[in-house]
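What follows is one structure encoded as structure tokens, with my remarks underneath.
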Amino acid sequence: MTAVPEGGPGLPQRRTLVTEIPGPASRELSARRAGAVARGVSTVLPVFVTAAGGGVLVDVDGNSLIDFGSGIAVTGVGNAAPRVSSRVAAQAAQFTHTCFMVAPYEGYVEVCESLARLTPGTHEKRSALFNSGAEAVENAVKIARHATGRSAVVAFDHAYHGRTNLTMALTAKNMPYKQGFGPFAAEIYRVPMAYPLRWPDGPDACRAEALGVVKSLIHSQVGESNVAAIIIEPIQGEGGFIVPPKGFLPGLAKFCADNGIVFIADEIQSGFCRTGDWFACSHEGVVPDLITTGKAIADGLPLAGVTGRAALMDAVHPGGLGGTYGGNPVACAAALGAIETMVAEDLAGRARRIGEIMLPRLRKLAEQFPVIADVRGRGAMIAVELTHPGTLEPDAAATAAVAAACHKAGLVVLTCGTFGNVLRFLPPMVIGEDLLEEGLGILEDAFGTL
């Protein structure tokens with residue numbers, strides 16, 4: 001094992017490979033991992049990290065890898081960001097836990113005030129804080145059911161909302177998320193996602209038909225008066241970074257408002273500047289009734305939230321929401337540091353700039369390699385979908401091969417999609433443009449190996 005550097009943005013922002021990937025020290029730790037960690041906990045890239053910051057991850061062998069994953073859209077402000085680290089250290093030195101439901105503290109209130117200010121809409125809002133995105137989704141459903149007195153919840157094809165029993169029911173993909181874990185929660189109904197590439201008659205038909213199909217299915221199979229909530233990711237995450245056509249989200253929100261249905265926007269992966277605005281809903285001026293947040297909210301510390309209309313949030317009786325660790329003071333300190341960084345460094349603007357660099361190069365790559373059927377996304381939430389050329393048959397094998405070639409060359413990329421055939425790119429929004437360009441060059445070389 002090499003000397004461990006100090007993490008944060010002071011790390012040299014360059015790719016350096018001193019061993020193969022993974023190196024001998026990582027392989028040794030992988031052997032220890034196999035004897036101690038449950039098999040069901042998987043790993044994308046078996047390199048063990050000792051430091052990270054800016055746009056790089058440094059492993060135990062001294063390799064410095066370009067990060068196009070951000071810990072699955074978590075470290076948007078960069079690992080060990082100074083404003084986050086300093087606030088965390090100061091809070092940890094004061095106290096690490098009291099349980100907000102026992103003896104509260106200002107940090108929880110400050111985070112809720114920030115959420116009220118930053119989330120879409122100028123209406124009066126309330127928030128509740130939890131540990132994970134799945135907890136936030138589960139509590140959003142609880143709130144919607146309690147406030148409306150209805151039980152049905154509508155979710156979409158290709159959705160991902162978590163791994164608890166209720167959120168697995170909302171999640172569309174079976175393997176690996178649901179296989180063998182049923183039975184799942186009841187009163188969950190699924191409708192087609194407005195997925196332009198895979199709509200039966202193509203993108204134009206998707207734009208014209210998708211909303212009508214969804215409304216018709218809800219009317220005929222569930223009944224509007226039975227629906228407590230419709231939950232949707234404004235840009236689907238694990239399902240493949242699917243961007244619905246313009247007008248679909250506003251139309252869905254209006255349908256909810258017209259029928260007394262709570263519109264829940266799951267912005268756990270797409271929120272906090274990732275798409276080039278604070279929240280993906282804002283690209284079309286959509287104001288959800290409830291919005292779930294997590295991932296980038298606290299730059300890697302466990303924190304998530306539900307923010308919504310005051311009348312909805314306050315419909316739940318005292319004691320009906322909470323949890324021992326929800327809104328932990330150290331995690332709240334991290335969130336305040338992350339939000340401060342996003343504002344001070346205009347990370348929404350940085351995300352837009354990342355999109356301006358990545359999308360043209362990826363579209364040019366698609367012209368060169370017909371295995372790329374679609375290039376899509378917004379800001380720093382970008383993906384390419386791979387199919388057998390000339391068809392819509394998913395090519396998961398090619399996707400895995402490209403990802404493996406990237407990893408071998410020192411670029412961390414992630415895959416996703418219902419069919420395992422999507423490469424997704426989530427670089428930290430603070431990544432330097434030189435690293436971004438180098439990473440795209442590695443990606444281009446990886447496609448050349450097919």
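The way I read the labels, and the way they are meant: chains A, B, ... in the order of the structure tokens, residue 1 as the first residue of every chain, and ligand 1 as the first ligand shown, with later ones counted on from there.
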Within 9 Å of region 424-440 of chain A: each region 128-246 of chain A residue with its shortest pair, only C-alpha atoms, as CSV:
```
residue,atom,partner,partner_atom,distance
A:Gly237,CA,A:Arg424,CA,9.0
A:Gly240,CA,A:Arg424,CA,7.6
A:Phe241,CA,A:Arg424,CA,7.3
```
How would the residues just picked look written out with N, CA and C atoms as an mmCIF file, in the first residue's frame?
```
data_model
loop_
_atom_site.group_PDB
_atom_site.id
_atom_site.type_symbol
_atom_site.label_atom_id
_atom_site.label_comp_id
_atom_site.auth_asym_id
_atom_site.auth_seq_id
_atom_site.Cartn_x
_atom_site.Cartn_y
_atom_site.Cartn_z
ATOM 1 N N GLY A 237 -33.647 7.362 -13.205
ATOM 2 C CA GLY A 237 -32.265 7.083 -12.896
ATOM 3 C C GLY A 237 -31.834 5.682 -13.274
ATOM 4 N N GLY A 240 -32.511 4.028 -16.671
ATOM 5 C CA GLY A 240 -31.801 4.321 -17.908
ATOM 6 C C GLY A 240 -31.698 5.785 -18.287
ATOM 7 N N PHE A 241 -31.845 6.705 -17.311
ATOM 8 C CA PHE A 241 -31.748 8.144 -17.593
ATOM 9 C C PHE A 241 -32.749 8.551 -18.679
#
```
- [ ] Based on DSSP run over this structure's backbone, return all residues of region 296-396 of chain A in alpha helix (DSSP H), as a PyMOL selection string.
- [x] chain A and resi 310-313+329-344+347-368+396
Open item on the list: Please compute the CA of Ser282 (chain A)-CA of Pro120 (chain A) distance, one decimal, in Å.
Closed with: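 About the pair CA of Ser282 (chain A) and CA of Pro120 (chain A): they are 6.5 Å apart.
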- [ ] Please report, as a PyMOL selection string, each residue of region 288-386 of chain A to which DSSP assigns strand (DSSP E or B) when run on this structure's backbone.
- [x] chain A and resi 290-293+304-309+372-378+381-386
- [ ] Would you list the contacts of Lys178 (chain A) as a list in words, taking every protein, DNA or RNA residue within 8 Å and counting only C-alpha atoms, but skipping same-chain residues closer than 5 positions in sequence?
- [x]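 The filter keeps Arg163, Met168 and Lys173 of chain A.
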Open item on the list: Give me the residues near Arg207 (chain A) as a ChimeraX atom specification, where near means some atom within 12 Å (using only C-alpha atoms) and where sequence neighbours in that chain fewer than 2 positions away do not count.
Closed with: /A:193-205,209-213,243-249,251
Task: Non-local contacts of region 262-279 of chain A (8 Å; only C-alpha atoms; under 3 positions in same chain excluded) as a count of residues only - done: 49
Give me, as JSON lines, the closest atom pair and its distance (Å, one decimal) for every residue of region 123-242 of chain A within a cut-off of 12 Å of region 97-102 of chain A, counting only C-alpha atoms, rows sorted by chain and rising number.
```
{"residue": "A:Ala128", "atom": "CA", "partner": "A:Phe100", "partner_atom": "CA", "distance": 10.7}
{"residue": "A:Leu129", "atom": "CA", "partner": "A:Phe100", "partner_atom": "CA", "distance": 9.8}
{"residue": "A:Phe130", "atom": "CA", "partner": "A:Phe100", "partner_atom": "CA", "distance": 10.9}
```
Spatial neighbours of Ile188 (chain A), 9 Å, only C-alpha atoms, chain gap at least 6 places, as a compact mmCIF listing (two decimals) with C-alpha atoms, in the first residue's frame:
```txt
# COMPACT_ATOMS: atom_id res chain seq x y z
CA SER A 151 -54.67 3.92 -0.89
CA ALA A 152 -53.64 3.42 -4.54
CA VAL A 153 -50.23 4.61 -5.74
CA VAL A 154 -49.27 4.77 -9.42
CA ALA A 155 -45.67 4.28 -10.53
CA LEU A 166 -42.82 -0.70 -0.33
CA ALA A 169 -43.03 -2.65 -5.11
CA LEU A 170 -42.66 0.78 -6.74
```
Open item on the list: Using only C-alpha atoms, which protein or nucleic acid residues come within 12 Å of Gly62 (chain A)? Drop anything in the same chain fewer than 4 positions from it, and give the result as a list in words.
Closed with: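 Using only C-alpha atoms, the neighbours found are Met1, Thr2, Ala3, Val4, Pro5, Pro12, Arg15, Thr16, Leu17, Val18, Thr19, Glu20, Ile21, Pro22, Gly23, Pro24, Ala25, Ser26, Val47, Phe48, Val49, Thr50, Ala51, Ala52, Val56, Leu57, Val58 and Gly410 of chain A.
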